[in-house]
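Chemist: What follows is start-v9.txt, compact mmCIF, C-alpha atoms and all ligand atoms.
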# COMPACT_ATOMS: atom_id res chain seq x y z
CA MET R 76 -26.96 2.45 -16.99
CA ALA R 77 -24.66 -0.53 -17.63
CA ARG R 78 -23.08 -1.16 -20.98
CA SER R 79 -20.46 -3.58 -22.15
CA ALA R 80 -17.00 -2.34 -23.19
CA ASN R 81 -15.78 -3.35 -26.66
CA ALA R 82 -12.03 -3.58 -26.24
CA PRO R 83 -10.52 -6.29 -24.06
CA ASN R 84 -9.27 -4.97 -20.74
CA ARG R 85 -6.26 -5.65 -18.66
CA LEU R 86 -7.79 -6.29 -15.31
CA LEU R 87 -4.97 -6.28 -12.76
CA THR R 88 -3.65 -2.80 -11.96
CA PRO R 89 -0.48 -2.38 -9.88
CA THR R 90 -1.30 -0.55 -6.68
CA GLY R 91 0.16 1.56 -3.86
CA GLY R 92 -0.83 4.46 -1.60
CA TYR R 93 -3.70 3.70 0.78
CA LEU R 94 -3.74 0.15 -0.58
CA ARG R 95 -0.10 -0.48 0.13
CA GLY R 96 0.14 -4.13 1.08
CA TYR R 97 -1.53 -5.22 -2.14
CA ASP R 98 0.07 -5.99 -5.46
CA TYR R 99 -2.97 -5.22 -7.62
CA THR R 100 -6.44 -3.79 -7.66
CA LEU R 101 -9.15 -5.50 -9.66
CA ASN R 102 -12.11 -3.45 -10.91
CA PRO R 103 -14.59 -5.41 -13.04
CA TYR R 104 -16.68 -2.28 -13.67
CA VAL R 105 -16.06 1.34 -14.58
CA GLY R 106 -18.31 3.65 -12.60
CA CYS R 107 -20.72 2.65 -9.88
CA ALA R 108 -24.51 2.62 -9.89
CA TYR R 109 -24.69 3.12 -6.13
CA GLY R 110 -23.44 6.69 -6.53
CA CYS R 111 -22.84 7.29 -2.84
CA SER R 112 -22.80 11.03 -2.19
CA TYR R 113 -19.48 10.79 -0.36
CA CYS R 114 -17.66 8.60 -2.88
CA TYR R 115 -14.09 9.82 -3.46
CA VAL R 116 -13.93 8.18 -6.88
CA GLN R 117 -16.28 10.82 -8.33
CA ALA R 118 -13.58 13.46 -7.82
CA LEU R 119 -10.85 11.46 -9.58
CA PRO R 120 -9.83 12.47 -13.10
CA VAL R 121 -11.15 9.21 -14.54
CA ALA R 122 -14.68 10.06 -13.36
CA ARG R 123 -14.49 13.80 -14.04
CA PHE R 124 -13.34 13.43 -17.64
CA ARG R 125 -16.29 11.20 -18.30
CA GLY R 126 -18.58 14.18 -17.83
CA GLU R 127 -21.59 12.17 -16.66
CA PRO R 128 -23.03 12.34 -13.15
CA TRP R 129 -21.42 9.90 -10.75
CA GLY R 130 -23.83 7.04 -10.14
CA SER R 131 -25.36 7.23 -13.62
CA TYR R 132 -23.12 4.60 -15.23
CA ALA R 133 -21.50 1.25 -14.41
CA ASP R 134 -19.88 -0.21 -17.48
CA VAL R 135 -18.78 -3.80 -17.34
CA LYS R 136 -15.27 -4.48 -18.60
CA ARG R 137 -14.82 -7.10 -21.23
CA ILE R 138 -13.63 -10.16 -19.37
CA ASP R 139 -11.90 -13.13 -20.90
CA PRO R 140 -11.27 -15.64 -18.06
CA ASN R 141 -8.33 -17.22 -19.89
CA ALA R 142 -6.67 -13.86 -20.50
CA PHE R 143 -7.26 -13.02 -16.84
CA LEU R 144 -5.62 -16.27 -15.76
CA GLY R 145 -2.66 -15.35 -17.99
CA GLU R 146 -2.40 -12.00 -16.20
CA LEU R 147 -2.57 -13.75 -12.85
CA ARG R 148 0.12 -16.23 -13.86
CA ARG R 149 2.47 -13.46 -14.98
CA ALA R 150 1.77 -11.49 -11.81
CA LYS R 151 2.58 -14.51 -9.67
CA ARG R 152 5.87 -15.02 -11.53
CA ARG R 153 6.77 -11.36 -11.05
CA GLY R 154 6.16 -11.39 -7.31
CA GLY R 155 2.81 -11.62 -5.57
CA THR R 156 -0.91 -11.69 -6.18
CA ARG R 157 -2.47 -9.87 -3.27
CA ILE R 158 -5.53 -8.37 -4.84
CA PHE R 159 -7.94 -5.66 -3.71
CA MET R 160 -11.33 -5.92 -5.41
CA SER R 161 -12.43 -3.21 -5.93
CA SER R 162 -10.87 0.20 -5.46
CA SER R 163 -12.92 2.41 -7.79
CA THR R 164 -16.23 0.59 -8.05
CA ASP R 165 -18.26 -1.98 -6.16
CA PRO R 166 -17.66 -5.43 -7.68
CA TYR R 167 -21.30 -6.31 -7.03
CA GLN R 168 -23.11 -3.76 -9.16
CA PRO R 169 -26.83 -4.22 -9.81
CA ALA R 170 -25.71 -5.16 -13.37
CA GLU R 171 -23.68 -8.02 -11.96
CA TRP R 172 -26.93 -10.00 -11.61
CA ARG R 173 -27.00 -10.51 -15.36
CA MET R 174 -23.42 -9.67 -16.43
CA GLY R 175 -21.69 -12.04 -14.02
CA ALA R 176 -18.32 -10.31 -14.53
CA THR R 177 -17.18 -10.58 -10.93
CA ARG R 178 -18.46 -14.12 -10.74
CA SER R 179 -16.47 -15.13 -13.82
CA LEU R 180 -13.29 -13.71 -12.24
CA LEU R 181 -13.90 -15.64 -9.04
CA LEU R 182 -14.52 -18.81 -11.01
CA ALA R 183 -11.25 -18.28 -12.89
CA ILE R 184 -9.40 -17.83 -9.60
CA ARG R 185 -11.01 -20.94 -8.18
CA SER R 186 -9.81 -22.93 -11.18
CA ALA R 187 -6.20 -22.07 -10.34
CA PRO R 188 -6.16 -21.31 -6.60
CA ASP R 189 -2.37 -21.53 -6.32
CA LEU R 190 -2.10 -18.36 -8.39
CA LEU R 191 -3.80 -16.36 -5.65
CA ASP R 192 -1.99 -15.08 -2.58
CA PHE R 193 -4.87 -13.08 -1.13
CA LEU R 194 -8.16 -11.57 -2.28
CA PHE R 195 -9.91 -8.75 -0.44
CA VAL R 196 -13.49 -8.32 -1.64
CA GLN R 197 -14.93 -4.92 -0.69
CA THR R 198 -18.66 -4.48 -1.29
CA ARG R 199 -21.89 -3.14 0.08
CA SER R 200 -24.09 -5.32 -2.05
CA PRO R 201 -26.09 -8.32 -0.88
CA LEU R 202 -25.37 -9.90 -4.26
CA VAL R 203 -22.03 -11.05 -2.85
CA ALA R 204 -23.98 -13.81 -1.09
CA ARG R 205 -24.75 -15.31 -4.49
CA ASP R 206 -21.06 -16.24 -4.77
CA ALA R 207 -20.75 -17.64 -1.25
CA GLU R 208 -19.91 -21.11 -2.48
CA ILE R 209 -17.05 -19.89 -4.67
CA LEU R 210 -15.70 -17.58 -1.99
CA SER R 211 -15.80 -20.31 0.63
CA SER R 212 -13.62 -22.51 -1.60
CA LEU R 213 -10.87 -19.84 -1.39
CA ARG R 214 -10.80 -20.39 2.40
CA ASP R 215 -8.37 -18.19 4.31
CA ARG R 216 -7.04 -16.64 1.12
CA ALA R 217 -10.11 -14.42 0.86
CA LEU R 218 -11.70 -11.89 3.17
CA VAL R 219 -15.05 -10.35 2.33
CA SER R 220 -15.45 -6.86 3.72
CA VAL R 221 -19.04 -5.61 3.73
CA THR R 222 -19.54 -1.89 4.22
CA LEU R 223 -22.00 -1.08 6.96
CA GLU R 224 -21.44 2.57 7.77
CA THR R 225 -24.45 2.72 10.09
CA ASP R 226 -27.32 0.60 11.35
CA ARG R 227 -29.80 3.45 10.84
CA GLU R 228 -31.79 3.36 7.64
CA ASP R 229 -32.56 7.09 7.83
CA VAL R 230 -28.82 7.85 7.90
CA ARG R 231 -28.09 5.37 5.11
CA ARG R 232 -30.77 7.04 2.96
CA ARG R 233 -29.35 10.47 3.65
CA PHE R 234 -25.76 9.60 2.65
CA ALA R 235 -26.20 6.78 0.14
CA PRO R 236 -29.83 6.62 -1.01
CA ARG R 237 -29.12 4.25 -3.91
CA ALA R 238 -27.02 1.80 -1.93
CA PRO R 239 -28.50 -1.44 -0.61
CA THR R 240 -30.43 -1.27 2.66
CA VAL R 241 -28.91 -2.03 6.03
CA ARG R 242 -31.15 -5.04 6.35
CA ALA R 243 -30.13 -6.55 3.02
CA ARG R 244 -26.44 -6.18 3.89
CA ILE R 245 -26.95 -7.86 7.27
CA ARG R 246 -28.68 -10.80 5.62
CA ALA R 247 -25.80 -11.13 3.14
CA ILE R 248 -23.24 -11.13 5.95
CA GLU R 249 -25.19 -13.87 7.74
CA THR R 250 -25.25 -15.97 4.57
CA LEU R 251 -21.51 -15.56 4.01
CA ARG R 252 -20.74 -16.52 7.60
CA ALA R 253 -23.02 -19.54 7.32
CA HIS R 254 -20.73 -20.67 4.50
CA GLY R 255 -17.70 -20.33 6.73
CA ILE R 256 -16.36 -17.27 4.89
CA PRO R 257 -14.40 -14.80 7.00
CA VAL R 258 -16.34 -11.53 6.98
CA GLN R 259 -15.32 -8.06 7.98
CA VAL R 260 -17.83 -5.34 8.71
CA ALA R 261 -16.36 -2.09 7.41
CA VAL R 262 -17.78 0.90 9.24
CA ALA R 263 -16.35 3.21 6.63
CA PRO R 264 -17.00 6.03 6.57
CA LEU R 265 -18.20 6.06 10.15
CA LEU R 266 -21.69 7.58 10.14
CA PRO R 267 -24.12 8.34 12.98
CA SER R 268 -25.56 5.10 14.33
CA SER R 269 -27.71 3.74 17.14
CA PRO R 270 -26.28 2.72 20.53
CA ASP R 271 -26.90 -0.93 19.57
CA PHE R 272 -24.64 -0.82 16.52
CA PRO R 273 -21.46 -2.05 18.29
CA SER R 274 -23.19 -5.15 19.62
CA LEU R 275 -24.70 -5.83 16.20
CA ILE R 276 -21.23 -5.68 14.60
CA ALA R 277 -19.82 -8.00 17.27
CA ARG R 278 -22.56 -10.51 16.54
CA LEU R 279 -22.18 -10.29 12.77
CA ALA R 280 -18.48 -10.02 12.03
CA ASP R 281 -15.23 -11.93 12.37
CA VAL R 282 -13.37 -8.64 12.26
CA ALA R 283 -14.31 -4.97 12.07
CA ALA R 284 -12.69 -2.03 10.30
CA ILE R 285 -13.43 1.57 11.25
CA ASP R 286 -12.51 4.51 9.09
CA ASP R 287 -13.58 8.12 8.90
CA TRP R 288 -13.54 11.31 6.85
CA PHE R 289 -10.30 12.57 8.33
CA VAL R 290 -7.87 9.71 7.75
CA GLY R 291 -9.83 7.48 5.43
CA ASP R 292 -9.79 9.77 2.42
CA GLY R 293 -6.03 9.28 2.13
CA ALA R 294 -5.53 13.07 2.07
CA ASN R 295 -5.83 14.04 5.76
CA GLY R 296 -9.46 15.01 5.33
CA ARG R 297 -8.95 17.35 2.37
CA ARG R 298 -10.92 15.20 -0.06
CA SER R 299 -13.82 14.89 2.37
CA GLN R 300 -13.79 18.63 2.86
CA ALA R 301 -13.76 19.21 -0.90
CA LEU R 302 -16.84 17.00 -1.22
CA GLY R 303 -18.53 19.03 1.52
CA VAL R 304 -19.53 16.00 3.58
CA GLU R 305 -20.11 18.16 6.64
CA ARG R 306 -23.29 19.58 5.15
CA TRP R 307 -25.12 16.25 5.41
CA TYR R 308 -25.05 16.38 9.20
CA PRO R 309 -27.75 18.17 11.13
CA PRO R 310 -26.07 20.41 13.74
CA GLU R 311 -27.00 18.16 16.67
CA GLU R 312 -25.27 15.18 15.00
CA ARG R 313 -22.32 17.10 13.65
CA ALA R 314 -20.83 17.91 17.04
CA THR R 315 -20.68 14.26 18.07
CA TRP R 316 -20.16 12.38 14.85
CA TYR R 317 -18.18 14.66 12.59
CA ARG R 318 -14.90 14.95 14.48
CA PRO R 319 -11.52 13.22 14.16
CA GLU R 320 -11.65 11.54 17.57
CA GLN R 321 -14.99 9.80 16.89
CA ALA R 322 -13.37 6.78 15.17
CA ARG R 323 -11.44 5.97 18.33
CA VAL R 324 -14.52 6.60 20.50
CA PHE R 325 -16.52 4.20 18.35
CA ALA R 326 -13.71 1.60 18.40
CA GLU R 327 -13.70 1.74 22.21
CA ALA R 328 -17.47 1.22 22.27
CA LEU R 329 -17.05 -1.75 19.95
CA ALA R 330 -14.25 -3.16 22.12
CA ARG R 331 -16.77 -3.61 24.90
CA HIS R 332 -18.45 -6.23 22.69
CA MET R 333 -15.65 -7.90 20.72
CA PRO R 334 -11.93 -8.57 21.29
CA ARG R 335 -9.69 -5.62 20.54
CA GLU R 336 -7.48 -7.87 18.40
CA ARG R 337 -10.35 -8.07 15.92
CA ILE R 338 -10.83 -4.32 15.56
CA PHE R 339 -8.80 -2.37 13.00
CA LEU R 340 -8.60 1.37 12.52
CA HIS R 341 -8.23 3.30 9.28
CA GLN R 342 -5.87 1.87 6.68
CA GLN R 343 -5.12 -1.18 8.84
CA GLY R 344 -8.67 -2.41 8.26
CA PHE R 345 -8.09 -2.61 4.53
CA LEU R 346 -4.73 -4.36 4.48
CA PRO R 347 -4.26 -8.09 3.89
CA THR R 348 -5.00 -10.05 7.05
CA ASP R 349 -1.41 -11.15 7.68
CA VAL R 350 0.07 -7.64 7.75
CA ARG R 351 -2.62 -5.57 9.47
CA ARG R 352 -2.32 -4.39 13.07
CA PRO R 353 -5.25 -4.20 15.51
CA MET R 354 -6.36 -0.99 17.19
CA ASP R 355 -3.97 -1.08 20.15
CA GLU R 356 -0.83 -2.16 18.42
CA ARG R 357 1.73 0.53 17.82
CA ILE R 358 2.11 1.08 14.12
CA ASP R 359 5.48 1.92 12.69
CA PRO R 360 4.91 5.24 10.85
CA GLU R 361 6.90 3.77 7.97
CA HIS R 362 4.13 1.26 7.47
CA ALA R 363 1.11 3.25 8.61
S1 LIG P 1 -20.34 1.75 -3.59
FE1 LIG P 1 -18.21 2.40 -3.31
S2 LIG P 1 -17.48 2.91 -5.36
FE2 LIG P 1 -19.70 2.84 -5.44
S3 LIG P 1 -20.38 4.96 -5.15
FE3 LIG P 1 -20.40 3.95 -3.15
S4 LIG P 1 -18.39 4.39 -2.25
FE4 LIG P 1 -18.23 4.80 -4.47
Take the structure from the file and write it as structure tokens.
Ligand code: SF4

Modeler:
Amino acid sequence: MARSANAPNRLLTPTGGYLRGYDYTLNPYVGCAYGCSYCYVQALPVARFRGEPWGSYADVKRIDPNAFLGELRRAKRRGGTRIFMSSSTDPYQPAEWRMGATRSLLLAIRSAPDLLDFLFVQTRSPLVARDAEILSSLRDRALVSVTLETDREDVRRRFAPRAPTVRARIRAIETLRAHGIPVQVAVAPLLPSSPDFPSLIARLADVAAIDDWFVGDGANGRRSQALGVERWYPPEERATWYRPEQARVFAEALARHMPRERIFLHQQGFLPTDVRRPMDERIDPEHA
């Protein structure tokens, strides 16, 4: 259930860790109605202290566009405004249809585009297509990354039954691309898919990111293990799809359909476009 927060919120949060490369995260909502079974956020203190089942709430933050522009201005003066939206929710919640919180932030950014260095929009919701016109005005300063962990509806239903369908996400990606917006397909976490999935990604996306349970949880697989993700695989799928080397195997399959320079593994797929390294480039461990 969505409800509106009373107190005004600071919206830009300084970042680090897996999102190194960004200056701030931007989360217009607290909680997430999609409630994906594998979501790492549910195990974070902020979600656990709440004491309500993950997926049962998505509270919109109180957003004042002028105050947000003030934050952005100060951030720009202090250094940079590379922003990851969103790290602990999906910015396109079902409630966003009527709340318009994410839309109001994008409109504020559009009104002062020089304040923005880079915006990474991470979503699995087809509602992102509603804002195609605004996003296209940000040109190469924005990248929209649409999660498509699989092309199989049965798998999507098993792992994320409340998330938007595969078909709806594909349609949204097509709309965004028709507006000239750079779009990434994020196969994250990598789930079992059909043999046609790599060619579908190559047709849909400008770039692709692949991440898995073993690196992508930012804890060498410990968080995934704690969530017990392995139990959602039938034995015949587990042997092939639930193993550390599968991300590379899938990337190689994808590389038969799209240039390797457009395929990014693990954290690289979530970095700003000017600092990320494609799948074959050696990555300095200092910056991995
Ligand atoms: S959409 Fe993202 S934030 Fe929301 S439950 Fe799924 S993984 Fe978590």

Chemist: Taking all atoms listed in the file into account, list the residues no farther than 8 Å from ligand LIG 1 (chain P), as a list in words.

Modeler: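 My answer, listing the contacting residues, is Gly106, Cys107, Ala108, Tyr109, Gly110, Cys111, Ser112, Tyr113, Cys114, Tyr115, Val116, Gln117, Trp129, Gly130, Ser161, Ser162, Ser163, Thr164, Asp165, Thr198, Arg199, Ala235 and Ala238 of chain R.
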
Chemist: Hey, could you make a per-residue contact list for stretch 189-237 of chain R against stretch 270-291 of chain R with 10 Å as the cut-off, showing the nearest pair of atoms and its distance in Å to one decimal, counting all atoms listed in the file, sorted by chain and number, as JSON lines?

Modeler:
{"residue": "R:Leu218", "atom": "CA", "partner": "R:Val282", "partner_atom": "CA", "distance": 9.8}
{"residue": "R:Ser220", "atom": "CA", "partner": "R:Ala284", "partner_atom": "CA", "distance": 8.6}
{"residue": "R:Val221", "atom": "CA", "partner": "R:Ala280", "partner_atom": "CA", "distance": 9.4}
{"residue": "R:Thr222", "atom": "CA", "partner": "R:Ala284", "partner_atom": "CA", "distance": 9.2}
{"residue": "R:Leu223", "atom": "CA", "partner": "R:Ile276", "partner_atom": "CA", "distance": 9.0}
{"residue": "R:Glu224", "atom": "CA", "partner": "R:Ile285", "partner_atom": "CA", "distance": 8.8}
{"residue": "R:Thr225", "atom": "CA", "partner": "R:Phe272", "partner_atom": "CA", "distance": 7.3}
{"residue": "R:Asp226", "atom": "CA", "partner": "R:Phe272", "partner_atom": "CA", "distance": 6.0}
{"residue": "R:Arg227", "atom": "CA", "partner": "R:Phe272", "partner_atom": "CA", "distance": 8.8}

Chemist: Provide the atom CA of R:Asn295 to atom CA of R:Arg318 distance in Å, to one decimal place.

Modeler: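 Rounded to one decimal, the two atoms are 12.6 Å apart.
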
Chemist: Tell me, in Å to one decimal, how far atom CA of R:Gly145 is from atom CA of R:Pro169.

Modeler: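 Between atom CA of R:Gly145 and atom CA of R:Pro169 the gap is 27.8 Å.
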
Chemist: Rank R:Tyr104, R:Asp189, R:Pro236, R:Ala247 by their smallest atom-to-atom distance to R:Arg205, using all atoms listed in the file, and report the top residue only.

Modeler: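 Smallest distance to R:Arg205 is found for R:Ala247.
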
Chemist: I'd like the interatomic distance between atom CA of R:Tyr93 and atom CA of R:Gln342, to a tenth of an Å.

Modeler: 6.5 Å

Chemist: Find the residues near R:Leu340: any atom within 12 Å, counting all atoms listed in the file, skip ones fewer than 4 places away on the same chain, and give them as a PDB file with C-alpha atoms, in the coordinates of the input.

Modeler:
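As a result, selection12.pdb now contains:
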ATOM      1  CA  ALA R 261     -16.360  -2.090   7.410  1.00  0.00           C
ATOM      2  CA  VAL R 262     -17.780   0.900   9.240  1.00  0.00           C
ATOM      3  CA  ALA R 263     -16.350   3.210   6.630  1.00  0.00           C
ATOM      4  CA  PRO R 264     -17.000   6.030   6.570  1.00  0.00           C
ATOM      5  CA  LEU R 265     -18.200   6.060  10.150  1.00  0.00           C
ATOM      6  CA  VAL R 282     -13.370  -8.640  12.260  1.00  0.00           C
ATOM      7  CA  ALA R 283     -14.310  -4.970  12.070  1.00  0.00           C
ATOM      8  CA  ALA R 284     -12.690  -2.030  10.300  1.00  0.00           C
ATOM      9  CA  ILE R 285     -13.430   1.570  11.250  1.00  0.00           C
ATOM     10  CA  ASP R 286     -12.510   4.510   9.090  1.00  0.00           C
ATOM     11  CA  ASP R 287     -13.580   8.120   8.900  1.00  0.00           C
ATOM     12  CA  VAL R 290      -7.870   9.710   7.750  1.00  0.00           C
ATOM     13  CA  GLY R 291      -9.830   7.480   5.430  1.00  0.00           C
ATOM     14  CA  GLU R 320     -11.650  11.540  17.570  1.00  0.00           C
ATOM     15  CA  GLN R 321     -14.990   9.800  16.890  1.00  0.00           C
ATOM     16  CA  ALA R 322     -13.370   6.780  15.170  1.00  0.00           C
ATOM     17  CA  ARG R 323     -11.440   5.970  18.330  1.00  0.00           C
ATOM     18  CA  VAL R 324     -14.520   6.600  20.500  1.00  0.00           C
ATOM     19  CA  PHE R 325     -16.520   4.200  18.350  1.00  0.00           C
ATOM     20  CA  ALA R 326     -13.710   1.600  18.400  1.00  0.00           C
ATOM     21  CA  GLU R 327     -13.700   1.740  22.210  1.00  0.00           C
ATOM     22  CA  LEU R 329     -17.050  -1.750  19.950  1.00  0.00           C
ATOM     23  CA  ARG R 335      -9.690  -5.620  20.540  1.00  0.00           C
ATOM     24  CA  GLU R 336      -7.480  -7.870  18.400  1.00  0.00           C
ATOM     25  CA  GLY R 344      -8.670  -2.410   8.260  1.00  0.00           C
ATOM     26  CA  PHE R 345      -8.090  -2.610   4.530  1.00  0.00           C
ATOM     27  CA  LEU R 346      -4.730  -4.360   4.480  1.00  0.00           C
ATOM     28  CA  ARG R 351      -2.620  -5.570   9.470  1.00  0.00           C
ATOM     29  CA  ARG R 352      -2.320  -4.390  13.070  1.00  0.00           C
ATOM     30  CA  PRO R 353      -5.250  -4.200  15.510  1.00  0.00           C
ATOM     31  CA  MET R 354      -6.360  -0.990  17.190  1.00  0.00           C
ATOM     32  CA  ASP R 355      -3.970  -1.080  20.150  1.00  0.00           C
ATOM     33  CA  GLU R 356      -0.830  -2.160  18.420  1.00  0.00           C
ATOM     34  CA  ARG R 357       1.730   0.530  17.820  1.00  0.00           C
ATOM     35  CA  ILE R 358       2.110   1.080  14.120  1.00  0.00           C
ATOM     36  CA  ALA R 363       1.110   3.250   8.610  1.00  0.00           C
TER      37      ALA R 363
END

Chemist: So that I can check the surroundings of R:Arg185, please list as a list in words every protein, DNA and RNA residue that reaches within 9 Å of it, counting all atoms listed in the file and ignoring chain neighbours fewer than 3 positions away.

Modeler: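 My reading of the contact set: Leu180, Leu181, Leu182, Pro188, Asp189, Leu191, Ile209, Leu210, Ser212 and Leu213 of chain R.
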
Chemist: R:Gln259, R:Ser200, R:Thr177, R:Ser186: which is nearest R:Ile338, counting all atoms listed in the file?

Modeler: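 Using all atoms listed in the file, R:Ile338 sits closest to R:Gln259.
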
Chemist: Give me the residues near stretch 311-317 of chain R as a tab-separated table (two decimals) with C-alpha atoms, in the frame of the given file, where near means some atom within 8 Å (using all atoms listed in the file) and where sequence neighbours in that chain fewer than 3 positions away do not count.

Modeler:
chain	number	residue	atom	x	y	z
R	266	LEU	CA	-21.69	7.58	10.14
R	267	PRO	CA	-24.12	8.34	12.98
R	305	GLU	CA	-20.11	18.16	6.64
R	308	TYR	CA	-25.05	16.38	9.20
R	321	GLN	CA	-14.99	9.80	16.89

Chemist: Between R:Val260, R:Ala118, R:Val105, R:Ala301, which one has atoms that come closest to R:Val241, using only C-alpha atoms?

Modeler: R:Val260

Chemist: Counting only C-alpha atoms, find residues at most 12 Å from (-20.0, -19.5, 8.0) (file frame) and give them as a list in words.

Modeler: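 Output: Ala204, Ala207, Glu208, Leu210, Ser211, Ser212, Arg214, Val219, Ala247, Ile248, Glu249, Thr250, Leu251, Arg252, Ala253, His254, Gly255, Ile256, Pro257, Val258, Leu279, Ala280 and Asp281 of chain R.
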
Chemist: Can you work out which one of R:Arg152, R:Arg137, R:Arg123, R:Arg337 has the shortest atom-to-atom distance to R:Ala176, counting only C-alpha atoms?

Modeler: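 Result for the nearest residue to R:Ala176: R:Arg137.
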
Chemist: Between R:Trp307, R:Phe193, R:Trp172, R:Phe159, which residue has the minimum interatomic distance to R:Gly91, considering all atoms listed in the file?

Modeler: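 Ranked by minimum distance to R:Gly91, first place goes to R:Phe159.
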
Chemist: Please complete stretch 100-106 of chain R so it has all heavy atoms, and hand it over as an mmCIF file, keeping the file's coordinate frame.

Modeler:
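Dumped to rebuild-v7.cif:
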data_model
loop_
_atom_site.group_PDB
_atom_site.id
_atom_site.type_symbol
_atom_site.label_atom_id
_atom_site.label_comp_id
_atom_site.auth_asym_id
_atom_site.auth_seq_id
_atom_site.Cartn_x
_atom_site.Cartn_y
_atom_site.Cartn_z
ATOM 1 N N THR R 100 -5.004 -3.968 -7.835
ATOM 2 C CA THR R 100 -6.440 -3.790 -7.660
ATOM 3 C C THR R 100 -7.140 -4.462 -8.845
ATOM 4 O O THR R 100 -6.544 -4.648 -9.912
ATOM 5 C CB THR R 100 -6.842 -2.296 -7.635
ATOM 6 O OG1 THR R 100 -6.376 -1.670 -8.844
ATOM 7 C CG2 THR R 100 -6.250 -1.593 -6.447
ATOM 8 N N LEU R 101 -8.377 -4.808 -8.628
ATOM 9 C CA LEU R 101 -9.150 -5.500 -9.660
ATOM 10 C C LEU R 101 -10.540 -4.860 -9.685
ATOM 11 O O LEU R 101 -11.299 -4.949 -8.710
ATOM 12 C CB LEU R 101 -9.239 -6.989 -9.285
ATOM 13 C CG LEU R 101 -10.041 -7.943 -10.176
ATOM 14 C CD1 LEU R 101 -9.554 -7.876 -11.614
ATOM 15 C CD2 LEU R 101 -9.933 -9.371 -9.644
ATOM 16 N N ASN R 102 -10.834 -4.166 -10.786
ATOM 17 C CA ASN R 102 -12.110 -3.450 -10.910
ATOM 18 C C ASN R 102 -12.887 -3.991 -12.116
ATOM 19 O O ASN R 102 -12.586 -3.609 -13.250
ATOM 20 C CB ASN R 102 -11.850 -1.952 -11.111
ATOM 21 C CG ASN R 102 -11.289 -1.295 -9.867
ATOM 22 O OD1 ASN R 102 -12.005 -1.001 -8.923
ATOM 23 N ND2 ASN R 102 -9.982 -1.081 -9.842
ATOM 24 N N PRO R 103 -13.857 -4.845 -11.903
ATOM 25 C CA PRO R 103 -14.590 -5.410 -13.040
ATOM 26 C C PRO R 103 -15.500 -4.409 -13.746
ATOM 27 O O PRO R 103 -15.942 -4.653 -14.872
ATOM 28 C CB PRO R 103 -15.442 -6.530 -12.413
ATOM 29 C CG PRO R 103 -14.892 -6.717 -11.036
ATOM 30 C CD PRO R 103 -14.268 -5.427 -10.637
ATOM 31 N N TYR R 104 -15.794 -3.290 -13.094
ATOM 32 C CA TYR R 104 -16.680 -2.280 -13.670
ATOM 33 C C TYR R 104 -15.988 -0.916 -13.678
ATOM 34 O O TYR R 104 -15.085 -0.664 -12.889
ATOM 35 C CB TYR R 104 -17.988 -2.178 -12.852
ATOM 36 C CG TYR R 104 -18.839 -3.428 -12.974
ATOM 37 C CD1 TYR R 104 -18.612 -4.511 -12.144
ATOM 38 C CD2 TYR R 104 -19.838 -3.521 -13.939
ATOM 39 C CE1 TYR R 104 -19.364 -5.677 -12.268
ATOM 40 C CE2 TYR R 104 -20.601 -4.681 -14.067
ATOM 41 C CZ TYR R 104 -20.355 -5.746 -13.236
ATOM 42 O OH TYR R 104 -21.096 -6.894 -13.377
ATOM 43 N N VAL R 105 -16.469 -0.063 -14.562
ATOM 44 C CA VAL R 105 -16.060 1.340 -14.580
ATOM 45 C C VAL R 105 -17.282 2.160 -14.187
ATOM 46 O O VAL R 105 -18.320 2.076 -14.854
ATOM 47 C CB VAL R 105 -15.572 1.773 -15.976
ATOM 48 C CG1 VAL R 105 -15.223 3.260 -15.993
ATOM 49 C CG2 VAL R 105 -14.370 0.934 -16.409
ATOM 50 N N GLY R 106 -17.137 2.930 -13.112
ATOM 51 C CA GLY R 106 -18.310 3.650 -12.600
ATOM 52 C C GLY R 106 -18.988 2.816 -11.534
ATOM 53 O O GLY R 106 -18.563 1.688 -11.238
#
